[in-house]
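Structure file target18.cif; described as mmCIF, C-alpha atoms and all ligand atoms.
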data_protein
#
loop_
_atom_site.group_PDB
_atom_site.id
_atom_site.type_symbol
_atom_site.label_atom_id
_atom_site.label_comp_id
_atom_site.auth_asym_id
_atom_site.auth_seq_id
_atom_site.Cartn_x
_atom_site.Cartn_y
_atom_site.Cartn_z
ATOM 1 C CA MET A 847 -7.588 -1.733 28.436
ATOM 2 C CA ALA A 848 -4.786 -3.504 26.576
ATOM 3 C CA GLU A 849 -1.910 -1.315 25.504
ATOM 4 C CA LYS A 850 -1.988 -0.440 21.809
ATOM 5 C CA TYR A 851 0.638 -1.781 19.432
ATOM 6 C CA SER A 852 3.534 0.605 18.991
ATOM 7 C CA LEU A 853 5.977 0.603 16.108
ATOM 8 C CA GLN A 854 8.330 2.688 18.226
ATOM 9 C CA HIS A 855 8.277 -0.018 20.913
ATOM 10 C CA TRP A 856 9.214 -2.680 18.354
ATOM 11 C CA ILE A 857 11.922 -0.437 16.881
ATOM 12 C CA GLN A 858 13.399 0.078 20.363
ATOM 13 C CA LYS A 859 13.244 -3.673 21.055
ATOM 14 C CA ALA A 860 15.082 -4.407 17.800
ATOM 15 C CA GLN A 861 17.736 -1.833 18.681
ATOM 16 C CA ASP A 862 18.146 -3.154 22.242
ATOM 17 C CA GLU A 863 18.505 -6.713 20.969
ATOM 18 C CA HIS A 864 20.789 -5.675 18.092
ATOM 19 C CA THR A 865 18.514 -7.322 15.601
ATOM 20 C CA SER A 866 16.164 -6.405 12.771
ATOM 21 C CA LEU A 867 12.497 -5.476 12.879
ATOM 22 C CA TYR A 868 11.867 -8.581 10.788
ATOM 23 C CA VAL A 869 13.147 -10.838 13.579
ATOM 24 C CA ILE A 870 10.992 -9.021 16.151
ATOM 25 C CA GLY A 871 7.975 -9.301 13.834
ATOM 26 C CA LEU A 872 8.576 -12.976 13.144
ATOM 27 C CA GLN A 873 8.767 -13.748 16.877
ATOM 28 C CA HIS A 874 5.612 -11.742 17.548
ATOM 29 C CA GLN A 875 3.595 -13.327 14.748
ATOM 30 C CA ILE A 876 4.462 -16.949 15.455
ATOM 31 C CA GLN A 877 3.382 -16.399 19.065
ATOM 32 C CA ALA A 878 0.214 -14.491 18.158
ATOM 33 C CA MET A 879 -0.832 -16.971 15.472
ATOM 34 C CA GLU A 880 0.413 -20.026 17.395
ATOM 35 C CA ILE A 881 2.180 -21.430 14.346
ATOM 36 C CA THR A 882 5.770 -22.364 13.567
ATOM 37 C CA ALA A 883 8.180 -20.010 11.824
ATOM 38 C CA GLU A 884 8.199 -22.427 8.857
ATOM 39 C CA ASP A 885 4.408 -22.214 8.546
ATOM 40 C CA LEU A 886 4.454 -18.421 8.712
ATOM 41 C CA LEU A 887 7.207 -18.169 6.093
ATOM 42 C CA SER A 888 5.307 -20.569 3.864
ATOM 43 C CA LYS A 889 2.139 -18.391 4.174
ATOM 44 C CA MET A 890 4.193 -15.323 3.231
ATOM 45 C CA LEU A 891 5.624 -17.087 0.180
ATOM 46 C CA THR A 892 2.113 -18.052 -0.887
ATOM 47 C CA ALA A 893 0.975 -14.431 -0.502
ATOM 48 C CA LEU A 894 3.923 -13.265 -2.630
ATOM 49 C CA LYS A 895 3.047 -15.831 -5.300
ATOM 50 C CA VAL A 896 -0.545 -14.553 -5.428
ATOM 51 C CA MET A 897 0.736 -10.957 -5.598
ATOM 52 C CA GLU A 898 2.987 -11.817 -8.530
ATOM 53 C CA GLU A 899 0.143 -13.620 -10.310
ATOM 54 C CA SER A 900 -2.157 -10.618 -9.779
ATOM 55 C CA ILE A 901 0.400 -8.418 -11.563
ATOM 56 C CA GLN A 902 0.290 -10.786 -14.530
ATOM 57 C CA THR A 903 -3.541 -10.805 -14.457
ATOM 58 C CA GLY A 904 -3.628 -7.009 -14.589
ATOM 59 C CA LEU A 905 -1.101 -6.891 -17.412
ATOM 60 C CA ILE A 906 -3.499 -8.805 -19.673
ATOM 61 C CA GLY A 907 -5.273 -5.449 -20.011
ATOM 62 C CA ASN A 908 -8.927 -6.445 -19.477
ATOM 63 C CA ARG A 909 -11.560 -3.755 -18.792
ATOM 64 C CA SER A 910 -13.174 -3.704 -15.349
ATOM 65 C CA LYS A 911 -16.765 -4.648 -14.605
ATOM 66 C CA GLY A 912 -17.810 -0.995 -14.341
ATOM 67 C CA GLY A 913 -15.802 -0.143 -17.447
ATOM 68 C CA LEU A 914 -13.942 2.755 -15.796
ATOM 69 C CA VAL A 915 -10.493 1.153 -15.635
ATOM 70 C CA GLY A 916 -8.339 -1.446 -17.328
ATOM 71 C CA GLY A 917 -5.461 -1.496 -19.768
ATOM 72 C CA ASP A 918 -3.399 1.312 -18.220
ATOM 73 C CA ALA A 919 -0.787 -0.988 -16.656
ATOM 74 C CA LEU A 920 -0.228 -2.571 -20.058
ATOM 75 C CA ARG A 921 -0.140 0.905 -21.647
ATOM 76 C CA ILE A 922 2.675 2.032 -19.315
ATOM 77 C CA GLN A 923 4.576 -1.218 -19.821
ATOM 78 C CA ASN A 924 4.387 -0.852 -23.599
ATOM 79 C CA TYR A 925 5.443 2.808 -23.371
ATOM 80 C CA PHE A 926 8.459 1.967 -21.213
ATOM 81 C CA HIS A 927 9.544 -0.946 -23.383
ATOM 82 C CA SER A 928 9.193 0.989 -26.641
ATOM 83 C CA GLN A 929 10.521 4.389 -25.505
ATOM 84 C CA PRO A 930 12.642 3.919 -22.352
ATOM 85 C CA GLU A 931 14.576 7.102 -23.129
ATOM 86 C CA ARG A 932 11.359 9.154 -22.697
ATOM 87 C CA SER A 933 10.575 7.779 -19.212
ATOM 88 C CA VAL A 934 10.731 10.483 -16.568
ATOM 89 C CA ALA A 935 10.334 7.947 -13.766
ATOM 90 C CA GLY A 936 13.189 5.560 -14.539
ATOM 91 C CA PRO A 937 13.044 1.774 -14.207
ATOM 92 C CA VAL A 938 12.181 1.274 -10.500
ATOM 93 C CA LEU A 939 9.449 3.902 -10.276
ATOM 94 C CA ASN A 940 8.064 3.092 -13.719
ATOM 95 C CA ARG A 941 7.768 -0.601 -12.877
ATOM 96 C CA ALA A 942 6.319 0.127 -9.426
ATOM 97 C CA ILE A 943 3.623 2.271 -11.051
ATOM 98 C CA THR A 944 2.985 -0.385 -13.705
ATOM 99 C CA PHE A 945 2.675 -3.218 -11.187
ATOM 100 C CA ALA A 946 0.567 -1.200 -8.724
ATOM 101 C CA LEU A 947 -1.858 -0.304 -11.527
ATOM 102 C CA ALA A 948 -1.883 -3.911 -12.736
ATOM 103 C CA VAL A 949 -2.972 -5.253 -9.341
ATOM 104 C CA GLY A 950 -5.557 -2.475 -8.956
ATOM 105 C CA GLU A 951 -6.928 -3.346 -12.388
ATOM 106 C CA ALA A 952 -6.920 -7.066 -11.567
ATOM 107 C CA ASN A 953 -8.919 -6.285 -8.419
ATOM 108 C CA ALA A 954 -11.397 -4.175 -10.404
ATOM 109 C CA CYS A 955 -11.798 -7.142 -12.782
ATOM 110 C CA MET A 956 -12.554 -9.438 -9.814
ATOM 111 C CA GLY A 957 -9.165 -11.137 -10.134
ATOM 112 C CA ARG A 958 -7.441 -12.762 -7.147
ATOM 113 C CA ILE A 959 -5.354 -10.326 -5.119
ATOM 114 C CA VAL A 960 -3.807 -10.124 -1.637
ATOM 115 C CA ALA A 961 -5.698 -7.535 0.409
ATOM 116 C CA ALA A 962 -2.597 -6.033 2.020
ATOM 117 C CA PRO A 963 -3.903 -4.032 3.741
ATOM 118 C CA THR A 964 -7.206 -3.922 1.766
ATOM 119 C CA ALA A 965 -8.449 -4.865 -1.700
ATOM 120 C CA GLY A 966 -8.661 -1.186 -2.688
ATOM 121 C CA ALA A 967 -5.012 -0.590 -1.788
ATOM 122 C CA SER A 968 -3.735 -4.013 -2.838
ATOM 123 C CA GLY A 969 -1.437 -2.749 -5.611
ATOM 124 C CA VAL A 970 1.006 -0.751 -3.531
ATOM 125 C CA LEU A 971 3.042 -3.451 -1.798
ATOM 126 C CA PRO A 972 3.360 -5.759 -4.834
ATOM 127 C CA GLY A 973 4.152 -2.685 -6.917
ATOM 128 C CA VAL A 974 7.226 -1.689 -4.960
ATOM 129 C CA LEU A 975 8.377 -5.174 -3.943
ATOM 130 C CA PHE A 976 8.331 -6.676 -7.425
ATOM 131 C CA ALA A 977 9.739 -3.534 -9.049
ATOM 132 C CA LEU A 978 12.731 -3.785 -6.711
ATOM 133 C CA ALA A 979 12.965 -7.538 -7.239
ATOM 134 C CA GLU A 980 13.145 -6.971 -10.987
ATOM 135 C CA ALA A 981 15.613 -4.075 -10.786
ATOM 136 C CA LYS A 982 17.938 -5.510 -8.158
ATOM 137 C CA GLY A 983 17.515 -9.261 -8.619
ATOM 138 C CA PHE A 984 15.830 -10.112 -5.300
ATOM 139 C CA SER A 985 14.272 -13.576 -5.115
ATOM 140 C CA ARG A 986 10.743 -14.233 -3.840
ATOM 141 C CA GLU A 987 12.303 -15.621 -0.626
ATOM 142 C CA GLU A 988 14.156 -12.353 -0.086
ATOM 143 C CA LEU A 989 10.828 -10.491 -0.216
ATOM 144 C CA VAL A 990 9.491 -12.393 2.819
ATOM 145 C CA PRO A 991 11.216 -10.307 5.566
ATOM 146 C CA PRO A 992 10.014 -6.961 4.114
ATOM 147 C CA LEU A 993 6.506 -8.395 3.804
ATOM 148 C CA ILE A 994 6.557 -9.286 7.495
ATOM 149 C CA VAL A 995 7.799 -5.785 8.358
ATOM 150 C CA ALA A 996 4.975 -4.333 6.249
ATOM 151 C CA GLY A 997 2.571 -6.518 8.204
ATOM 152 C CA MET A 998 3.900 -5.123 11.505
ATOM 153 C CA ILE A 999 3.285 -1.572 10.291
ATOM 154 C CA GLY A 1000 -0.215 -2.543 9.166
ATOM 155 C CA MET A 1001 -0.987 -4.118 12.544
ATOM 156 C CA VAL A 1002 0.027 -0.957 14.367
ATOM 157 C CA ILE A 1003 -2.085 1.208 12.053
ATOM 158 C CA ALA A 1004 -5.100 -1.106 12.433
ATOM 159 C CA ASP A 1005 -4.775 -0.993 16.212
ATOM 160 C CA ARG A 1006 -4.085 2.727 16.673
ATOM 161 C CA ALA A 1007 -6.134 4.160 13.780
ATOM 162 C CA SER A 1008 -7.830 2.321 10.910
ATOM 163 C CA LEU A 1009 -7.163 0.561 7.623
ATOM 164 C CA SER A 1010 -10.631 1.190 6.256
ATOM 165 C CA GLY A 1011 -11.722 3.885 3.822
ATOM 166 C CA ALA A 1012 -15.195 3.781 5.358
ATOM 167 C CA SER A 1013 -13.872 4.779 8.742
ATOM 168 C CA GLY A 1014 -10.736 6.811 7.929
ATOM 169 C CA GLY A 1015 -10.828 7.863 4.280
ATOM 170 C CA CYS A 1016 -8.294 6.821 1.655
ATOM 171 C CA GLN A 1017 -5.438 7.960 3.902
ATOM 172 C CA ALA A 1018 -6.310 4.838 5.926
ATOM 173 C CA GLU A 1019 -6.213 2.579 2.860
ATOM 174 C CA CYS A 1020 -3.735 3.908 0.301
ATOM 175 C CA GLY A 1021 -1.955 5.958 2.988
ATOM 176 C CA SER A 1022 -1.464 2.881 5.143
ATOM 177 C CA ALA A 1023 -0.361 0.840 2.132
ATOM 178 C CA ALA A 1024 2.209 3.541 1.329
ATOM 179 C CA ALA A 1025 3.523 3.478 4.906
ATOM 180 C CA MET A 1026 3.714 -0.331 4.876
ATOM 181 C CA ALA A 1027 5.453 -0.338 1.493
ATOM 182 C CA ALA A 1028 7.917 2.377 2.520
ATOM 183 C CA GLY A 1029 8.926 0.352 5.578
ATOM 184 C CA ALA A 1030 9.150 -2.785 3.444
ATOM 185 C CA ILE A 1031 11.536 -1.100 0.988
ATOM 186 C CA VAL A 1032 13.825 0.033 3.811
ATOM 187 C CA SER A 1033 13.780 -3.467 5.278
ATOM 188 C CA LEU A 1034 14.553 -5.026 1.881
ATOM 189 C CA LEU A 1035 17.512 -2.684 1.424
ATOM 190 C CA HIS A 1036 18.783 -3.432 4.952
ATOM 191 C CA GLY A 1037 18.042 -0.044 6.475
ATOM 192 C CA SER A 1038 17.937 0.216 10.264
ATOM 193 C CA PRO A 1039 14.772 -0.342 12.343
ATOM 194 C CA GLU A 1040 14.684 3.406 12.993
ATOM 195 C CA GLN A 1041 14.813 4.087 9.250
ATOM 196 C CA VAL A 1042 11.844 1.755 8.756
ATOM 197 C CA GLY A 1043 9.902 3.904 11.220
ATOM 198 C CA ASP A 1044 10.995 7.130 9.522
ATOM 199 C CA ALA A 1045 9.998 5.811 6.079
ATOM 200 C CA ALA A 1046 6.568 4.708 7.308
ATOM 201 C CA ALA A 1047 6.037 8.044 9.066
ATOM 202 C CA ILE A 1048 7.085 10.131 6.051
ATOM 203 C CA ALA A 1049 4.898 8.132 3.658
ATOM 204 C CA MET A 1050 1.875 8.390 5.946
ATOM 205 C CA LYS A 1051 2.420 12.130 6.489
ATOM 206 C CA ASN A 1052 2.467 12.685 2.728
ATOM 207 C CA MET A 1053 -0.902 10.924 2.352
ATOM 208 C CA LEU A 1054 -2.582 12.534 5.380
ATOM 209 C CA GLY A 1055 -6.080 13.863 4.772
ATOM 210 C CA LEU A 1056 -6.722 11.850 1.611
ATOM 211 C CA VAL A 1057 -10.455 11.291 1.200
ATOM 212 C CA CYS A 1058 -12.305 8.174 0.005
ATOM 213 C CA ASP A 1059 -14.514 9.150 -2.941
ATOM 214 C CA PRO A 1060 -15.025 6.192 -5.285
ATOM 215 C CA VAL A 1061 -17.051 7.078 -8.387
ATOM 216 C CA ALA A 1062 -20.337 5.140 -8.432
ATOM 217 C CA GLY A 1063 -19.152 3.351 -5.303
ATOM 218 C CA LEU A 1064 -16.866 1.132 -7.381
ATOM 219 C CA VAL A 1065 -13.248 0.469 -6.426
ATOM 220 C CA GLU A 1066 -12.083 1.766 -9.797
ATOM 221 C CA VAL A 1067 -11.822 5.600 -9.964
ATOM 222 C CA PRO A 1068 -9.780 7.079 -8.307
ATOM 223 C CA CYS A 1069 -8.697 3.898 -6.520
ATOM 224 C CA VAL A 1070 -6.552 2.216 -9.168
ATOM 225 C CA LYS A 1071 -4.417 5.261 -9.970
ATOM 226 C CA ARG A 1072 -4.130 6.083 -6.262
ATOM 227 C CA ASN A 1073 -2.320 2.772 -5.855
ATOM 228 C CA ALA A 1074 0.304 4.006 -8.315
ATOM 229 C CA GLY A 1075 0.514 7.324 -6.443
ATOM 230 C CA ALA A 1076 0.897 5.555 -3.117
ATOM 231 C CA ALA A 1077 3.656 3.320 -4.538
ATOM 232 C CA ALA A 1078 5.493 6.473 -5.640
ATOM 233 C CA GLN A 1079 5.053 8.017 -2.176
ATOM 234 C CA ALA A 1080 6.485 4.843 -0.637
ATOM 235 C CA ILE A 1081 9.572 5.027 -2.850
ATOM 236 C CA VAL A 1082 10.059 8.741 -2.087
ATOM 237 C CA ALA A 1083 9.739 8.163 1.665
ATOM 238 C CA ALA A 1084 12.059 5.143 1.647
ATOM 239 C CA GLU A 1085 14.685 7.024 -0.365
ATOM 240 C CA MET A 1086 14.608 9.853 2.180
ATOM 241 C CA ALA A 1087 14.777 7.540 5.193
ATOM 242 C CA LEU A 1088 17.621 5.443 3.737
ATOM 243 C CA ALA A 1089 19.570 8.673 3.171
ATOM 244 C CA GLY A 1090 19.166 9.499 6.857
ATOM 245 C CA VAL A 1091 16.255 11.945 6.674
ATOM 246 C CA LYS A 1092 14.245 11.758 9.905
ATOM 247 C CA SER A 1093 10.551 12.277 10.522
ATOM 248 C CA VAL A 1094 10.184 15.096 13.047
ATOM 249 C CA ILE A 1095 6.904 13.562 14.226
ATOM 250 C CA PRO A 1096 7.461 10.010 15.564
ATOM 251 C CA VAL A 1097 5.737 7.263 13.612
ATOM 252 C CA ASP A 1098 3.187 6.286 16.298
ATOM 253 C CA GLU A 1099 2.119 9.928 16.577
ATOM 254 C CA VAL A 1100 1.737 10.182 12.803
ATOM 255 C CA ILE A 1101 -0.514 7.106 12.863
ATOM 256 C CA ASP A 1102 -2.527 8.562 15.757
ATOM 257 C CA ALA A 1103 -2.891 11.824 13.804
ATOM 258 C CA MET A 1104 -4.168 9.886 10.790
ATOM 259 C CA GLY A 1105 -6.782 8.246 13.026
ATOM 260 C CA ALA A 1106 -7.833 11.636 14.423
ATOM 261 C CA VAL A 1107 -8.084 13.165 10.923
ATOM 262 C CA GLY A 1108 -10.239 10.212 9.850
ATOM 263 C CA LYS A 1109 -12.626 10.842 12.740
ATOM 264 C CA CYS A 1110 -12.985 14.516 11.687
ATOM 265 C CA MET A 1111 -13.657 13.624 8.050
ATOM 266 C CA HIS A 1112 -17.201 14.171 6.818
ATOM 267 C CA SER A 1113 -19.138 10.992 6.042
ATOM 268 C CA SER A 1114 -19.523 12.081 2.392
ATOM 269 C CA LEU A 1115 -15.752 11.523 2.063
ATOM 270 C CA LYS A 1116 -15.649 8.069 3.641
ATOM 271 C CA GLU A 1117 -16.608 5.504 0.980
ATOM 272 C CA THR A 1118 -20.230 6.684 0.662
ATOM 273 C CA ALA A 1119 -19.633 7.999 -2.895
ATOM 274 C CA GLN A 1120 -21.399 11.234 -1.906
ATOM 275 C CA GLY A 1121 -18.487 13.668 -2.104
ATOM 276 C CA GLY A 1122 -15.152 14.437 -3.706
ATOM 277 C CA LEU A 1123 -14.632 12.984 -7.194
ATOM 278 C CA ALA A 1124 -17.764 10.824 -6.827
ATOM 279 C CA ALA A 1125 -19.821 14.046 -6.678
ATOM 280 C CA SER A 1126 -18.092 15.716 -9.648
ATOM 281 C CA PRO A 1127 -20.261 16.184 -12.782
ATOM 282 C CA THR A 1128 -18.408 13.416 -14.603
ATOM 283 C CA GLY A 1129 -18.509 11.180 -11.543
ATOM 284 C CA LEU A 1130 -22.255 11.667 -11.280
ATOM 285 C CA ALA A 1131 -22.700 11.052 -15.023
ATOM 286 C CA TRP A 1132 -20.884 7.732 -14.683
ATOM 287 C CA THR A 1133 -23.027 6.855 -11.693
ATOM 288 C CA ALA A 1134 -26.177 7.555 -13.703
ATOM 289 C CA GLN A 1135 -24.838 5.589 -16.661
ATOM 290 C CA LEU A 1136 -24.040 2.620 -14.497
ATOM 291 C CA GLY A 1137 -27.517 2.737 -13.060
ATOM 292 C CA GLN A 1138 -26.461 3.228 -9.468
ATOM 293 C CA SER A 1139 -27.754 5.880 -7.110
ATOM 294 C CA THR A 1140 -25.421 7.894 -4.925
HETATM 295 S S1 LIG B 1201 -10.861 5.890 -2.678
HETATM 296 FE FE1 LIG B 1201 -11.862 4.668 -1.071
HETATM 297 S S2 LIG B 1201 -12.451 2.753 -2.073
HETATM 298 FE FE2 LIG B 1201 -10.898 3.747 -3.362
HETATM 299 S S3 LIG B 1201 -8.921 2.896 -2.664
HETATM 300 FE FE3 LIG B 1201 -9.246 4.791 -1.554
HETATM 301 S S4 LIG B 1201 -10.224 4.101 0.351
HETATM 302 FE FE4 LIG B 1201 -10.441 2.408 -1.096
#
How does this structure look as structure tokens?
Amino acid sequence: MAEKYSLQHWIQKAQDEHTSLYVIGLQHQIQAMEITAEDLLSKMLTALKVMEESIQTGLIGNRSKGGLVGGDALRIQNYFHSQPERSVAGPVLNRAITFALAVGEANACMGRIVAAPTAGASGVLPGVLFALAEAKGFSREELVPPLIVAGMIGMVIADRASLSGASGGCQAECGSAAAMAAGAIVSLLHGSPEQVGDAAAIAMKNMLGLVCDPVAGLVEVPCVKRNAGAAAQAIVAAEMALAGVKSVIPVDEVIDAMGAVGKCMHSSLKETAQGGLAASPTGLAWTAQLGQST
């Protein structure tokens, strides 16, 4: 059996070669995909363009198909612009929440998004990346290396555990997105490879056990707001890692634990809309109203 991907292995390789995780990831991906570095970078720039456009789509404020979500990203943006002194989050976190919600709402309205790692969790990475770009003046080109690092983290999670709510619960979707985004933030702010691993581990640990319980089986409630929560977890984890806080449990072991927790999770909590919030009285009322059976 082929050896599983290991983030710790790539971190060690980057340290041994006195380089960044981005460089290790770039080398790995151009070999695996059999494309040139230029082609890979161009694909990443295209993905970032689509991410940025999906933020704008969400900020129009349309209601979703199911009617459960829509307009909250715009609501937060208007609040922050009109009353910045009342914001408890501050500019980076407020904008990350706004953008994460916007992409989640765009997805719920069938808008074009980048499923990184999945459509349900597609708001987290654009949320943190474009909030930091806005706050610190990073260009779209400067967001490419952190996106590649996020991709490395996602590959390891997919190989060792799962990225799917149906097989691992929301910890595998929004939890993985938080881990990817946390690592991406550290990469963007030139943290060390080890700090990328610590950030990913801390973010994943803080999302461990999260169930998948979409009301009426739609990727609307609680999905959209969970993207904002996961973006916040990513920022918290990255801040800790950049300050030198370590994860006691190594990142690969955290990912393995997430996979094991997912296997233990009851099927009612894995995208079947049979448990959790989907089975709450209000969740069931919405299901009945939307004419779907649980
Ligand atoms: S609750 Fe389920 S469907 Fe919704 S984002 Fe999480 S994993 Fe995806």
Enumerate as a ChimeraX atom specification the residues within 10 Å of ligand LIG 1201 (chain B), counting only C-alpha atoms and all ligand atoms.
/A:950,964-969,1009-1021,1056-1061,1063-1073,1115-1119,1122-1124
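In this model, the gap between atom CA of A:Ile1031 and atom CA of A:Ala919 comes to 21.5 Å.
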Would you tabulate, counting all atoms listed in the file, all residues of stretch 908-967 of chain A that have an atom at most 9 Å from an atom of stretch 978-991 of chain A, showing the closest pair of atoms and their distance in Å to one decimal, sorted by chain then ascending number, as JSON lines?
{"residue": "A:Pro937", "atom": "CA", "partner": "A:Ala981", "partner_atom": "CA", "distance": 7.2}
{"residue": "A:Val938", "atom": "CA", "partner": "A:Leu978", "partner_atom": "CA", "distance": 6.3}
{"residue": "A:Arg941", "atom": "CA", "partner": "A:Leu978", "partner_atom": "CA", "distance": 8.5}
{"residue": "A:Ala942", "atom": "CA", "partner": "A:Leu978", "partner_atom": "CA", "distance": 8.0}
Store the residues of this selection in a file with C-alpha atoms, as a PDB file, in the coordinates of the input.
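Okay, selection.pdb is ready:
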ATOM      1  CA  PRO A 937      13.044   1.774 -14.207  1.00  0.00           C
ATOM      2  CA  VAL A 938      12.181   1.274 -10.500  1.00  0.00           C
ATOM      3  CA  ARG A 941       7.768  -0.601 -12.877  1.00  0.00           C
ATOM      4  CA  ALA A 942       6.319   0.127  -9.426  1.00  0.00           C
TER       5      ALA A 942
END
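Using all atoms listed in the file, the smallest distance between any of A:Leu1088, A:Ala1023, A:Ala954, A:Ile1003 and A:Gly912 comes from A:Ala954.
Atom to atom, atom CA of A:Gln1041 and atom CA of A:Ile1095 stand 13.3 Å apart.
Relative to atom CA of A:Val1091, atom CA of A:Ala1078 is found at 17.2 Å.
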Decode the PyMOL selection byres (((chain A and resi 994) around 10) and not hetatm) for the given file into explicit residues and return them as a ChimeraX atom specification.
/A:867-872,875,886-887,890,989-993,995-1000,1026,1030,1033
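Compared by their closest atoms to A:His1112, and using only C-alpha atoms, the residues A:Ala1134, A:Gly1075, A:Gly1055, A:Leu905 rank with A:Gly1055 nearest.
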Residues within 10 Å of A:Ser1038, please, as a PyMOL selection string. Count all atoms listed in the file; anything in the same chain fewer than 5 positions from it doesn't count.
chain A and resi 857+860-861+865-867+1032-1033+1043-1044+1087-1088+1090
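Remark: for A:Val1094, the closest of the candidate residues A:Val970, A:Cys955, A:Ala1047, A:Ala962 is A:Ala1047 (distances computed over only C-alpha atoms).
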In terms of the shortest atom-to-atom distance over all atoms listed in the file, which of A:Asn953, A:Asn940, A:Gln929, A:Gln873 is closest to A:Lys911?
A:Asn953
Give as number ranges by chain the set of residues within 12 Å of the point (0.0, -12.2, -12.8), where distances use the file's coordinates and all atoms listed in the file.
A: 894-907, 919, 945-946, 948-953, 957-960, 969, 972-973, 976
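Here the question is which of A:Leu1054, A:Gln858, A:Ser1093, A:Ala961 gets nearest to A:Met1111 using all atoms listed in the file, and that residue is A:Leu1054.
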Residue rebuild result stretch 1091-1105 of chain A, N, CA and C atoms as a short mmCIF file (atom, residue, chain, number, x, y, z; two decimals), in the frame of the given file:
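Output below, filename out19.cif:
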data_model
loop_
_atom_site.label_atom_id
_atom_site.label_comp_id
_atom_site.auth_asym_id
_atom_site.auth_seq_id
_atom_site.Cartn_x
_atom_site.Cartn_y
_atom_site.Cartn_z
N VAL A 1091 17.24 10.90 6.35
CA VAL A 1091 16.26 11.94 6.67
C VAL A 1091 15.32 11.39 7.74
N LYS A 1092 15.09 12.19 8.78
CA LYS A 1092 14.24 11.76 9.90
C LYS A 1092 12.85 12.37 9.80
N SER A 1093 11.88 11.68 10.37
CA SER A 1093 10.55 12.28 10.52
C SER A 1093 10.54 13.02 11.85
N VAL A 1094 10.22 14.31 11.80
CA VAL A 1094 10.18 15.10 13.05
C VAL A 1094 9.11 14.53 13.98
N ILE A 1095 7.98 14.15 13.41
CA ILE A 1095 6.90 13.56 14.23
C ILE A 1095 7.12 12.04 14.27
N PRO A 1096 7.24 11.46 15.47
CA PRO A 1096 7.46 10.01 15.56
C PRO A 1096 6.32 9.21 14.93
N VAL A 1097 6.68 8.03 14.44
CA VAL A 1097 5.74 7.26 13.61
C VAL A 1097 4.42 6.95 14.32
N ASP A 1098 4.45 6.58 15.60
CA ASP A 1098 3.19 6.29 16.30
C ASP A 1098 2.29 7.52 16.33
N GLU A 1099 2.91 8.69 16.52
CA GLU A 1099 2.12 9.93 16.58
C GLU A 1099 1.53 10.27 15.21
N VAL A 1100 2.27 9.96 14.16
CA VAL A 1100 1.74 10.18 12.80
C VAL A 1100 0.50 9.29 12.60
N ILE A 1101 0.61 8.04 13.01
CA ILE A 1101 -0.51 7.11 12.86
C ILE A 1101 -1.71 7.59 13.69
N ASP A 1102 -1.44 8.04 14.92
CA ASP A 1102 -2.53 8.56 15.76
C ASP A 1102 -3.18 9.78 15.09
N ALA A 1103 -2.35 10.63 14.48
CA ALA A 1103 -2.89 11.82 13.80
C ALA A 1103 -3.78 11.40 12.64
N MET A 1104 -3.35 10.37 11.91
CA MET A 1104 -4.17 9.89 10.79
C MET A 1104 -5.53 9.42 11.32
N GLY A 1105 -5.53 8.70 12.44
CA GLY A 1105 -6.78 8.25 13.03
C GLY A 1105 -7.67 9.41 13.42
#
